[in-house]
Each structure stands twice: as C-alpha cells, then as structure tokens.
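J.: Data: data19.pdb, PDB, C-alpha atoms.
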```
ATOM      1  CA  MET L  30      -8.754  38.373  77.928
ATOM      2  CA  ASP L  31      -8.083  34.630  77.910
ATOM      3  CA  TYR L  32      -4.364  34.621  78.730
ATOM      4  CA  PHE L  33      -4.325  30.849  78.980
ATOM      5  CA  GLY L  34      -5.345  30.749  75.331
ATOM      6  CA  LEU L  35      -1.976  32.289  74.457
ATOM      7  CA  LEU L  36      -0.111  29.247  75.781
ATOM      8  CA  PRO L  37       0.642  26.242  73.532
ATOM      9  CA  GLU L  38      -2.035  23.538  73.731
ATOM     10  CA  GLY L  39       0.588  20.980  74.784
ATOM     11  CA  VAL L  40       1.494  23.075  77.807
ATOM     12  CA  LEU L  41      -2.152  23.451  78.806
ATOM     13  CA  SER L  42      -2.690  19.704  78.397
ATOM     14  CA  GLU L  43       0.216  19.002  80.745
ATOM     15  CA  ILE L  44      -1.232  21.438  83.284
ATOM     16  CA  LEU L  45      -4.639  19.776  83.158
ATOM     17  CA  SER L  46      -3.129  16.295  83.489
ATOM     18  CA  LEU L  47      -1.750  17.350  86.882
ATOM     19  CA  THR L  48      -5.207  18.228  88.203
ATOM     20  CA  SER L  49      -8.260  15.960  88.434
ATOM     21  CA  PRO L  50     -11.113  15.039  86.086
ATOM     22  CA  LYS L  51     -13.435  17.309  88.058
ATOM     23  CA  ASP L  52     -11.034  20.259  87.841
ATOM     24  CA  THR L  53     -10.389  19.632  84.147
ATOM     25  CA  VAL L  54     -14.092  19.872  83.340
ATOM     26  CA  ARG L  55     -14.390  23.040  85.430
ATOM     27  CA  LEU L  56     -11.377  24.699  83.793
ATOM     28  CA  SER L  57     -12.518  23.739  80.292
ATOM     29  CA  VAL L  58     -15.564  26.001  80.623
ATOM     30  CA  SER L  59     -13.538  28.919  81.986
ATOM     31  CA  SER L  60     -11.030  29.245  79.171
ATOM     32  CA  LEU L  61     -11.102  28.559  75.439
ATOM     33  CA  GLY L  62      -7.492  27.420  75.629
ATOM     34  CA  PHE L  63      -8.301  24.877  78.343
ATOM     35  CA  LYS L  64     -11.412  23.820  76.411
ATOM     36  CA  TYR L  65      -9.329  22.620  73.465
ATOM     37  CA  ALA L  66      -6.584  21.192  75.666
ATOM     38  CA  ALA L  67      -9.175  19.207  77.664
ATOM     39  CA  GLN L  68      -9.868  17.077  74.592
ATOM     40  CA  SER L  69      -6.300  15.779  74.520
ATOM     41  CA  ASP L  70      -5.509  12.096  75.045
ATOM     42  CA  VAL L  71      -2.521  13.267  77.104
ATOM     43  CA  VAL L  72      -4.904  14.588  79.753
ATOM     44  CA  TRP L  73      -7.329  11.692  79.966
ATOM     45  CA  ASP L  74      -4.667   9.014  79.745
ATOM     46  CA  LYS L  75      -3.356  10.346  83.073
ATOM     47  CA  PHE L  76      -6.830  10.054  84.613
ATOM     48  CA  LEU L  77      -7.386   6.473  83.474
ATOM     49  CA  PRO L  78      -5.993   3.779  85.808
ATOM     50  CA  SER L  79      -2.502   2.650  84.823
ATOM     51  CA  ASP L  80      -3.808  -0.912  84.327
ATOM     52  CA  TYR L  81      -6.982  -0.024  82.420
ATOM     53  CA  LYS L  82      -5.848  -1.915  79.306
ATOM     54  CA  HIS L  83      -5.383  -5.087  81.362
ATOM     55  CA  ILE L  84      -8.822  -4.700  82.953
ATOM     56  CA  ILE L  85     -10.499  -4.094  79.598
ATOM     57  CA  SER L  86      -8.715  -7.119  78.115
ATOM     58  CA  LYS L  87     -10.492  -9.309  80.682
ATOM     59  CA  SER L  88     -13.906  -8.005  79.665
ATOM     60  CA  ASN L  89     -16.360  -9.447  77.163
ATOM     61  CA  SER L  90     -17.944  -6.025  76.779
ATOM     62  CA  LEU L  91     -17.431  -4.332  73.428
ATOM     63  CA  LEU L  92     -15.964  -0.871  73.949
ATOM     64  CA  SER L  93     -16.051   1.618  71.097
ATOM     65  CA  TYR L  94     -14.305   4.941  71.588
ATOM     66  CA  THR L  95     -12.431   7.512  69.523
ATOM     67  CA  SER L  96     -10.545   9.241  72.344
ATOM     68  CA  LYS L  97      -9.314   8.632  75.871
ATOM     69  CA  LYS L  98     -11.853  11.165  77.115
ATOM     70  CA  GLU L  99     -14.682   9.206  75.525
ATOM     71  CA  LEU L 100     -13.339   5.999  77.064
ATOM     72  CA  TYR L 101     -13.083   7.643  80.478
ATOM     73  CA  PHE L 102     -16.697   8.772  80.578
ATOM     74  CA  SER L 103     -17.894   5.501  79.072
ATOM     75  CA  LEU L 104     -16.297   3.635  81.993
ATOM     76  CA  CYS L 105     -17.872   6.103  84.421
ATOM     77  CA  ASP L 106     -21.399   5.780  83.032
ATOM     78  CA  SER L 107     -21.478   2.194  81.744
ATOM     79  CA  PRO L 108     -19.834  -0.446  83.956
ATOM     80  CA  ILE L 109     -18.265  -3.382  82.129
ATOM     81  CA  LEU L 110     -18.154  -7.016  83.199
ATOM     82  CA  THR L 111     -14.694  -8.432  83.744
ATOM     83  CA  HIS L 112     -12.889 -11.421  85.256
ATOM     84  CA  GLY L 113     -15.300 -13.915  83.719
ATOM     85  CA  SER L 114     -18.323 -11.721  84.569
ATOM     86  CA  LYS L 115     -17.574 -12.242  88.259
ATOM     87  CA  LEU L 116     -16.929  -8.515  88.696
ATOM     88  CA  SER L 117     -18.149  -5.301  87.166
ATOM     89  CA  PHE L 118     -15.740  -2.419  86.717
ATOM     90  CA  SER L 119     -16.321   1.311  86.472
ATOM     91  CA  LEU L 120     -14.642   4.598  87.342
ATOM     92  CA  ASP L 121     -15.575   7.250  89.858
ATOM     93  CA  LYS L 122     -16.371  10.244  87.647
ATOM     94  CA  LYS L 123     -14.855  12.910  89.913
ATOM     95  CA  THR L 124     -11.560  11.171  90.663
ATOM     96  CA  GLY L 125     -10.997   8.365  88.161
ATOM     97  CA  LYS L 126     -10.584   5.868  91.017
ATOM     98  CA  LYS L 127     -11.553   2.254  90.359
ATOM     99  CA  CYS L 128     -14.930   0.822  91.407
ATOM    100  CA  PHE L 129     -15.722  -2.880  91.468
ATOM    101  CA  MET L 130     -18.921  -4.777  92.191
ATOM    102  CA  VAL L 131     -18.708  -8.454  93.149
ATOM    103  CA  ALA L 132     -21.583 -10.401  91.603
ATOM    104  CA  ALA L 133     -24.047 -12.168  93.890
ATOM    105  CA  ARG L 134     -22.885 -15.519  92.472
ATOM    106  CA  GLU L 135     -19.407 -14.801  93.838
ATOM    107  CA  LEU L 136     -20.633 -14.076  97.358
ATOM    108  CA  ALA L 137     -20.408 -16.740 100.042
ATOM    109  CA  ILE L 138     -24.066 -16.988 101.079
ATOM    110  CA  SER L 139     -25.116 -19.441 103.771
ATOM    111  CA  TRP L 140     -27.625 -21.885 102.249
ATOM    112  CA  GLY L 141     -27.186 -20.071  98.928
ATOM    113  CA  ASP L 142     -27.181 -23.347  96.968
ATOM    114  CA  THR L 143     -30.327 -24.661  98.638
ATOM    115  CA  PRO L 144     -33.350 -23.816  96.414
ATOM    116  CA  HIS L 145     -35.725 -23.955  99.369
ATOM    117  CA  TYR L 146     -33.930 -20.939 100.877
ATOM    118  CA  TRP L 147     -32.415 -19.034  97.947
ATOM    119  CA  ALA L 148     -33.413 -18.868  94.283
ATOM    120  CA  TRP L 149     -31.240 -17.639  91.421
ATOM    121  CA  SER L 150     -32.739 -15.792  88.484
ATOM    122  CA  SER L 151     -32.104 -13.091  85.912
ATOM    123  CA  HIS L 152     -33.238  -9.542  86.608
ATOM    124  CA  PRO L 153     -33.885  -6.880  83.965
ATOM    125  CA  ASP L 154     -32.139  -4.185  86.021
ATOM    126  CA  SER L 155     -29.037  -6.192  86.961
ATOM    127  CA  ARG L 156     -25.669  -5.819  85.266
ATOM    128  CA  PHE L 157     -25.021  -9.507  86.004
ATOM    129  CA  SER L 158     -26.737 -12.566  84.531
ATOM    130  CA  GLU L 159     -28.111 -13.687  87.918
ATOM    131  CA  VAL L 160     -29.280 -12.227  91.198
ATOM    132  CA  ALA L 161     -29.894 -13.985  94.505
ATOM    133  CA  ASN L 162     -33.508 -14.085  95.743
ATOM    134  CA  LEU L 163     -34.033 -14.816  99.414
ATOM    135  CA  ARG L 164     -37.066 -17.072  99.826
ATOM    136  CA  PHE L 165     -36.847 -17.980 103.490
ATOM    137  CA  VAL L 166     -34.076 -18.255 106.084
ATOM    138  CA  CYS L 167     -33.621 -17.681 109.769
ATOM    139  CA  TRP L 168     -29.817 -17.516 109.481
ATOM    140  CA  LEU L 169     -28.835 -14.654 107.145
ATOM    141  CA  ASP L 170     -25.109 -14.535 106.429
ATOM    142  CA  MET L 171     -23.225 -13.417 103.307
ATOM    143  CA  ARG L 172     -19.662 -12.405 102.519
ATOM    144  CA  GLY L 173     -17.964 -10.781  99.557
ATOM    145  CA  LYS L 174     -14.271 -10.197  99.041
ATOM    146  CA  ILE L 175     -11.825  -8.708  96.559
ATOM    147  CA  GLU L 176      -8.050  -8.519  96.259
ATOM    148  CA  THR L 177      -6.715  -5.153  97.373
ATOM    149  CA  ARG L 178      -4.218  -5.144  94.489
ATOM    150  CA  LEU L 179      -7.139  -4.630  92.081
ATOM    151  CA  LEU L 180      -8.211  -1.412  93.789
ATOM    152  CA  SER L 181      -6.831   2.111  93.519
ATOM    153  CA  LYS L 182      -3.910   2.708  95.848
ATOM    154  CA  ARG L 183      -3.873   5.259  98.663
ATOM    155  CA  THR L 184      -7.657   5.427  98.544
ATOM    156  CA  ARG L 185     -10.364   5.038 101.168
ATOM    157  CA  TYR L 186     -13.094   2.668 100.009
ATOM    158  CA  VAL L 187     -16.645   2.093 101.189
ATOM    159  CA  VAL L 188     -18.384  -1.246 100.663
ATOM    160  CA  TYR L 189     -22.095  -1.373  99.844
ATOM    161  CA  LEU L 190     -24.617  -4.182  99.592
ATOM    162  CA  VAL L 191     -26.615  -3.518  96.407
ATOM    163  CA  PHE L 192     -30.123  -4.935  96.668
ATOM    164  CA  LYS L 193     -33.857  -4.615  96.191
ATOM    165  CA  LEU L 194     -36.776  -5.620  98.378
ATOM    166  CA  ALA L 195     -39.458  -7.826  96.900
ATOM    167  CA  ASP L 196     -43.142  -7.221  97.568
ATOM    168  CA  GLY L 197     -44.048  -8.785 100.869
ATOM    169  CA  PHE L 198     -40.502  -8.837 102.280
ATOM    170  CA  TYR L 199     -40.203  -9.609 105.984
ATOM    171  CA  GLY L 200     -37.708  -9.924 108.834
ATOM    172  CA  LEU L 201     -35.150  -7.553 107.273
ATOM    173  CA  GLU L 202     -35.315  -4.687 109.751
ATOM    174  CA  THR L 203     -31.717  -4.849 110.963
ATOM    175  CA  ALA L 204     -28.488  -6.787 110.482
ATOM    176  CA  ASN L 205     -24.831  -6.429 111.448
ATOM    177  CA  ALA L 206     -22.105  -5.550 108.953
ATOM    178  CA  PHE L 207     -18.344  -5.126 108.972
ATOM    179  CA  VAL L 208     -15.329  -4.992 106.672
ATOM    180  CA  ARG L 209     -11.950  -6.566 107.467
ATOM    181  CA  PHE L 210      -8.591  -7.418 105.957
ATOM    182  CA  VAL L 211      -8.692 -11.221 105.937
ATOM    183  CA  ASP L 212      -4.999 -11.662 106.772
ATOM    184  CA  CYS L 213      -4.951  -9.027 109.500
ATOM    185  CA  GLU L 214      -8.107  -9.500 111.558
ATOM    186  CA  SER L 215     -10.164 -12.498 112.581
ATOM    187  CA  ASP L 216     -13.912 -12.823 112.112
ATOM    188  CA  ASN L 217     -14.473 -12.650 115.871
ATOM    189  CA  GLU L 218     -12.398  -9.481 116.238
ATOM    190  CA  ALA L 219     -14.208  -7.762 113.380
ATOM    191  CA  GLU L 220     -17.618  -8.871 114.607
ATOM    192  CA  ARG L 221     -17.099  -7.031 117.889
ATOM    193  CA  ARG L 222     -16.994  -3.705 116.039
ATOM    194  CA  ALA L 223     -19.792  -4.506 113.577
ATOM    195  CA  SER L 224     -22.256  -1.725 112.826
ATOM    196  CA  VAL L 225     -26.026  -2.087 112.775
ATOM    197  CA  VAL L 226     -27.607  -1.556 109.361
ATOM    198  CA  SER L 227     -31.250  -1.364 108.355
ATOM    199  CA  LEU L 228     -32.287  -2.898 105.068
ATOM    200  CA  SER L 229     -35.956  -1.980 105.281
ATOM    201  CA  ARG L 230     -36.478   0.640 107.987
ATOM    202  CA  ARG L 231     -36.252   4.269 106.979
ATOM    203  CA  GLU L 232     -35.047   5.384 110.350
ATOM    204  CA  GLY L 233     -33.805   3.985 113.598
ATOM    205  CA  PRO L 234     -31.417   4.832 116.427
ATOM    206  CA  SER L 235     -27.718   4.493 115.509
ATOM    207  CA  GLU L 236     -28.481   2.526 112.328
ATOM    208  CA  LYS L 237     -27.056   2.927 108.862
ATOM    209  CA  ARG L 238     -29.981   3.260 106.491
ATOM    210  CA  SER L 239     -30.354   2.189 102.899
ATOM    211  CA  LYS L 240     -30.444   4.696 100.034
ATOM    212  CA  ARG L 241     -31.785   4.554  96.513
ATOM    213  CA  ARG L 242     -29.201   4.596  93.733
ATOM    214  CA  VAL L 243     -29.510   6.293  90.362
ATOM    215  CA  ASP L 244     -29.779   2.850  88.711
ATOM    216  CA  GLY L 245     -32.931   2.037  90.694
ATOM    217  CA  TRP L 246     -31.322  -0.370  93.173
ATOM    218  CA  MET L 247     -30.889   0.230  96.891
ATOM    219  CA  GLU L 248     -27.586   0.254  98.737
ATOM    220  CA  ILE L 249     -26.535   0.047 102.365
ATOM    221  CA  GLU L 250     -23.072   0.925 103.656
ATOM    222  CA  MET L 251     -21.361  -2.091 105.221
ATOM    223  CA  GLY L 252     -18.097  -0.452 106.267
ATOM    224  CA  ASN L 253     -14.952   1.205 104.947
ATOM    225  CA  PHE L 254     -11.199   0.692 104.755
ATOM    226  CA  PHE L 255      -8.060   2.395 103.472
ATOM    227  CA  ASN L 256      -6.254   0.691 100.623
ATOM    228  CA  ASP L 257      -2.660   1.827 100.947
ATOM    229  CA  ALA L 258      -0.288   0.060  98.572
ATOM    230  CA  GLY L 259      -2.657  -2.746  97.577
ATOM    231  CA  GLU L 260      -0.540  -5.283  99.439
ATOM    232  CA  ASP L 261      -2.963  -6.282 102.193
ATOM    233  CA  GLY L 262      -4.353  -9.369 100.451
ATOM    234  CA  ASP L 263      -8.109  -9.885 100.410
ATOM    235  CA  VAL L 264     -10.557  -7.450 101.968
ATOM    236  CA  GLU L 265     -13.899  -8.960 102.976
ATOM    237  CA  ALA L 266     -17.304  -7.467 103.731
ATOM    238  CA  ARG L 267     -19.886  -9.441 105.715
ATOM    239  CA  LEU L 268     -23.594  -8.923 106.379
ATOM    240  CA  MET L 269     -25.289 -11.146 108.926
ATOM    241  CA  GLU L 270     -28.272 -11.606 111.194
ATOM    242  CA  ILE L 271     -27.622 -14.846 113.080
ATOM    243  CA  ARG L 272     -28.649 -13.924 116.597
ATOM    244  CA  ARG L 273     -32.352 -13.198 116.258
ATOM    245  CA  LEU L 274     -33.419 -16.317 114.420
ATOM    246  CA  PHE L 275     -36.684 -14.976 113.055
ATOM    247  CA  ALA L 276     -37.885 -15.757 109.540
ATOM    248  CA  LYS L 277     -36.516 -13.512 106.799
ATOM    249  CA  GLY L 278     -37.455 -13.243 103.135
ATOM    250  CA  GLY L 279     -37.837 -10.957 100.125
ATOM    251  CA  LEU L 280     -34.235  -9.772  99.721
ATOM    252  CA  ILE L 281     -32.896  -9.536  96.147
ATOM    253  CA  VAL L 282     -29.101  -9.224  95.997
ATOM    254  CA  GLN L 283     -27.210  -7.959  92.939
ATOM    255  CA  GLY L 284     -23.783  -7.834  94.612
ATOM    256  CA  MET L 285     -21.387  -5.955  96.865
ATOM    257  CA  GLU L 286     -19.754  -2.800  95.540
ATOM    258  CA  PHE L 287     -16.302  -1.529  96.558
ATOM    259  CA  ARG L 288     -16.356   2.178  95.772
ATOM    260  CA  PRO L 289     -14.055   5.124  96.586
ATOM    261  CA  GLU L 290     -15.370   7.267  99.428
TER     262      GLU L 290
END
```
Can you present the structure in this file as structure tokens?
T.:
Amino acid sequence: MDYFGLLPEGVLSEILSLTSPKDTVRLSVSSLGFKYAAQSDVVWDKFLPSDYKHIISKSNSLLSYTSKKELYFSLCDSPILTHGSKLSFSLDKKTGKKCFMVAARELAISWGDTPHYWAWSSHPDSRFSEVANLRFVCWLDMRGKIETRLLSKRTRYVVYLVFKLADGFYGLETANAFVRFVDCESDNEAERRASVVSLSRREGPSEKRSKRRVDGWMEIEMGNFFNDAGEDGDVEARLMEIRRLFAKGGLIVQGMEFRPE
C-alpha cells in the first residue's frame, strides 16, 4: 500500500523540497503520492538558484515554460547565453548547482588579436557566436576568470577547457594548467603546483587526459577549487605551454567551463 499517498500533497511537496532533484525523481517513481507532489512549483522553486530570475533577465534567450519543473530541466539541457553573451549558464541536473562557461572571446589569449596566430570564426556546434582557432604559435597561454559571487556557494567546482582539435593539429601533446583565487595567490605561486594536461595524447604518465563530451566537444580538467561564501573575488584558470617553444596549431577553443564537481 502507498502510505505516502494518504498524506496531503502539500506535505509531500514540502518533504521533496528538502531533498535533491535526483532524490525527487527517484521518489516520484516509487510512490503515486510523490509522483503528483513532484510536479509542484513549491518543489522545483527550491531547487532553482535563488537568483535565477536575475540571471535569466540578463539573457537574450527566449525561455518558454509552464512550470518550475519545466524551467529547471530546460536550464539543465539547454544552456542560455547571459551577461551580453559573454557567459553561458546552465544547471547541474543532479544537484541544481550553477554552471557557467566563459566564451573564448572573454579569455585572455596571448596573441589572440593577431590574425597570423589566431583566427576567430563561427562554429556550428558552439553555443557562442565565435570560437578561437589556433593557426600557429610557439607561446601558448590563455586565461579565463569568473567572479565567485556568481557561482553556487559551499560548492567544489572543476574548471574545464572546452575545445576541439582540427585536422592536422600539431604540438599540443602537453601543457600546464592551474586554478587560483586572484586576490589570494600569485601567478608564480600557482604555477609551481600546476598539473600536466594532455590535449591530444590518449595516455601518458601522470597527465590529465581529455574526454569527449555529450555535445561533441572535448574537455580537459584544468583544476578545482572550493567556493565557500562567494566572497573570494575572481577565480582564474590558466592553460599554458611557454617552456618548450615548439610550433603549435590546430586547437579550436569554445571556452572555459566552471562546473560543480
């Protein structure tokens, strides 16, 4: 017998709102009472970020939804552009935590404005209007940053470079990457603990390797950090290969994504 079904729907909705999106979906298939309660705006409003209306107001994307649940899963499955299309915003489906990707145009890329080295173009698979195409450099260095106040509090984040490799790419075997709080740690201090990442090799000793995403792009982990109260100012991720000055080319960058672990 479904004893939960004997409880008022409002009570069940309050119970579900104290769990997580993942648990709510699981409970909704175990009880008819929870199934109906899981449709309530009371539940999904608790899972949406407290500032979701502000974030949506900064987006040019047209959102059409009839319930908070529909809005929640729309933001999980279909990232929206916000802050003048400089960022994309989405939600982690299991937790409701905020995810942001910084567009390639907002990254600080050495020689990025020199057409001989980097070209900017549209890409059919990109959520942004432009991607960065590496033509030829010896000095590969790029940084992306975001304000910690935009991110979910008390959450560990991982930063990823989101990219593709063009046909005939070269010189992209390894690079160094790190993440730092700009106001708390200098570049030199962070560089000493940088990890080795591989953009093109499938395996290597003590290297972080790239993985294919569901959207067809590749990603490589650059580092992680804990966002406590969102009061640590800017957090910056950096990818660089400036020691072995060999020629490098064929890297297509969509952006850097700050995503809950």
J.: So, counting only C-alpha atoms, which residue among L:Pro153, L:Gly173, L:Gly125, L:Gly259 is closest to L:Glu286?
T.: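 Closest to L:Glu286 of all the choices is L:Gly173.
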J.: Expand the PyMOL selection byres ((chain L and resi 92-99) around 8) into the individual residues it matches in the shown file, reporting them as a PDB file with C-alpha atoms, in the coordinates of the input.
T.:
```pdb
ATOM      1  CA  GLN L  68      -9.868  17.077  74.592  1.00  0.00           C
ATOM      2  CA  SER L  69      -6.300  15.779  74.520  1.00  0.00           C
ATOM      3  CA  ASP L  70      -5.509  12.096  75.045  1.00  0.00           C
ATOM      4  CA  TRP L  73      -7.329  11.692  79.966  1.00  0.00           C
ATOM      5  CA  ASP L  74      -4.667   9.014  79.745  1.00  0.00           C
ATOM      6  CA  SER L  90     -17.944  -6.025  76.779  1.00  0.00           C
ATOM      7  CA  LEU L  91     -17.431  -4.332  73.428  1.00  0.00           C
ATOM      8  CA  LEU L 100     -13.339   5.999  77.064  1.00  0.00           C
ATOM      9  CA  TYR L 101     -13.083   7.643  80.478  1.00  0.00           C
ATOM     10  CA  PHE L 102     -16.697   8.772  80.578  1.00  0.00           C
ATOM     11  CA  SER L 103     -17.894   5.501  79.072  1.00  0.00           C
TER      12      SER L 103
END
```
J.: For a test of reading the model, state the distance in Å between atom CA of L:Ala195 and atom CA of L:Gly245, rounded to one decimal.
T.: 13.4 Å
J.: What separation in Å, quoted to one decimal, exists between atom CA of L:His145 and atom CA of L:Gly279?
T.: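 That distance, rounded to one decimal, is 13.2 Å.
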J.: Near L:Ile249, within 6 Å and counting all atoms listed in the file, which residues show up once chain neighbours fewer than 2 positions away are dropped, as a PyMOL selection string?
T.: chain L and resi 189-190+239
J.: If you apply the PyMOL selection byres ((chain L and resi 137) around 7) to this file, what residues do you get, as a ChimeraX atom specification?
T.: /L:135-136,138-139,171-173
J.: In the coordinates of the file, take the point (-15.0, -6.6, 88.2) and a cut-off of 10 Å; then, counting only C-alpha atoms, name each qualifying protein, DNA or RNA residue as JSON, numbers by chain.
T.: {"L": [84, 87, 88, 108, 109, 110, 111, 112, 113, 114, 115, 116, 117, 118, 119, 127, 128, 129, 130, 131, 132, 175, 179, 286, 287]}
J.: Expand the PyMOL selection byres ((chain L and resi 224-226) around 8) into the explicit residue set it covers here, and present it as an mmCIF file with C-alpha atoms, in the frame of the given file.
T.:
```
data_model
loop_
_atom_site.group_PDB
_atom_site.id
_atom_site.type_symbol
_atom_site.label_atom_id
_atom_site.label_comp_id
_atom_site.auth_asym_id
_atom_site.auth_seq_id
_atom_site.Cartn_x
_atom_site.Cartn_y
_atom_site.Cartn_z
ATOM 1 C CA THR L 203 -31.717 -4.849 110.963
ATOM 2 C CA ALA L 204 -28.488 -6.787 110.482
ATOM 3 C CA ASN L 205 -24.831 -6.429 111.448
ATOM 4 C CA ALA L 206 -22.105 -5.550 108.953
ATOM 5 C CA PHE L 207 -18.344 -5.126 108.972
ATOM 6 C CA ARG L 222 -16.994 -3.705 116.039
ATOM 7 C CA ALA L 223 -19.792 -4.506 113.577
ATOM 8 C CA SER L 227 -31.250 -1.364 108.355
ATOM 9 C CA LEU L 228 -32.287 -2.898 105.068
ATOM 10 C CA SER L 235 -27.718 4.493 115.509
ATOM 11 C CA GLU L 236 -28.481 2.526 112.328
ATOM 12 C CA LYS L 237 -27.056 2.927 108.862
ATOM 13 C CA ARG L 238 -29.981 3.260 106.491
ATOM 14 C CA SER L 239 -30.354 2.189 102.899
ATOM 15 C CA ILE L 249 -26.535 0.047 102.365
ATOM 16 C CA GLU L 250 -23.072 0.925 103.656
ATOM 17 C CA MET L 251 -21.361 -2.091 105.221
ATOM 18 C CA GLY L 252 -18.097 -0.452 106.267
#
```
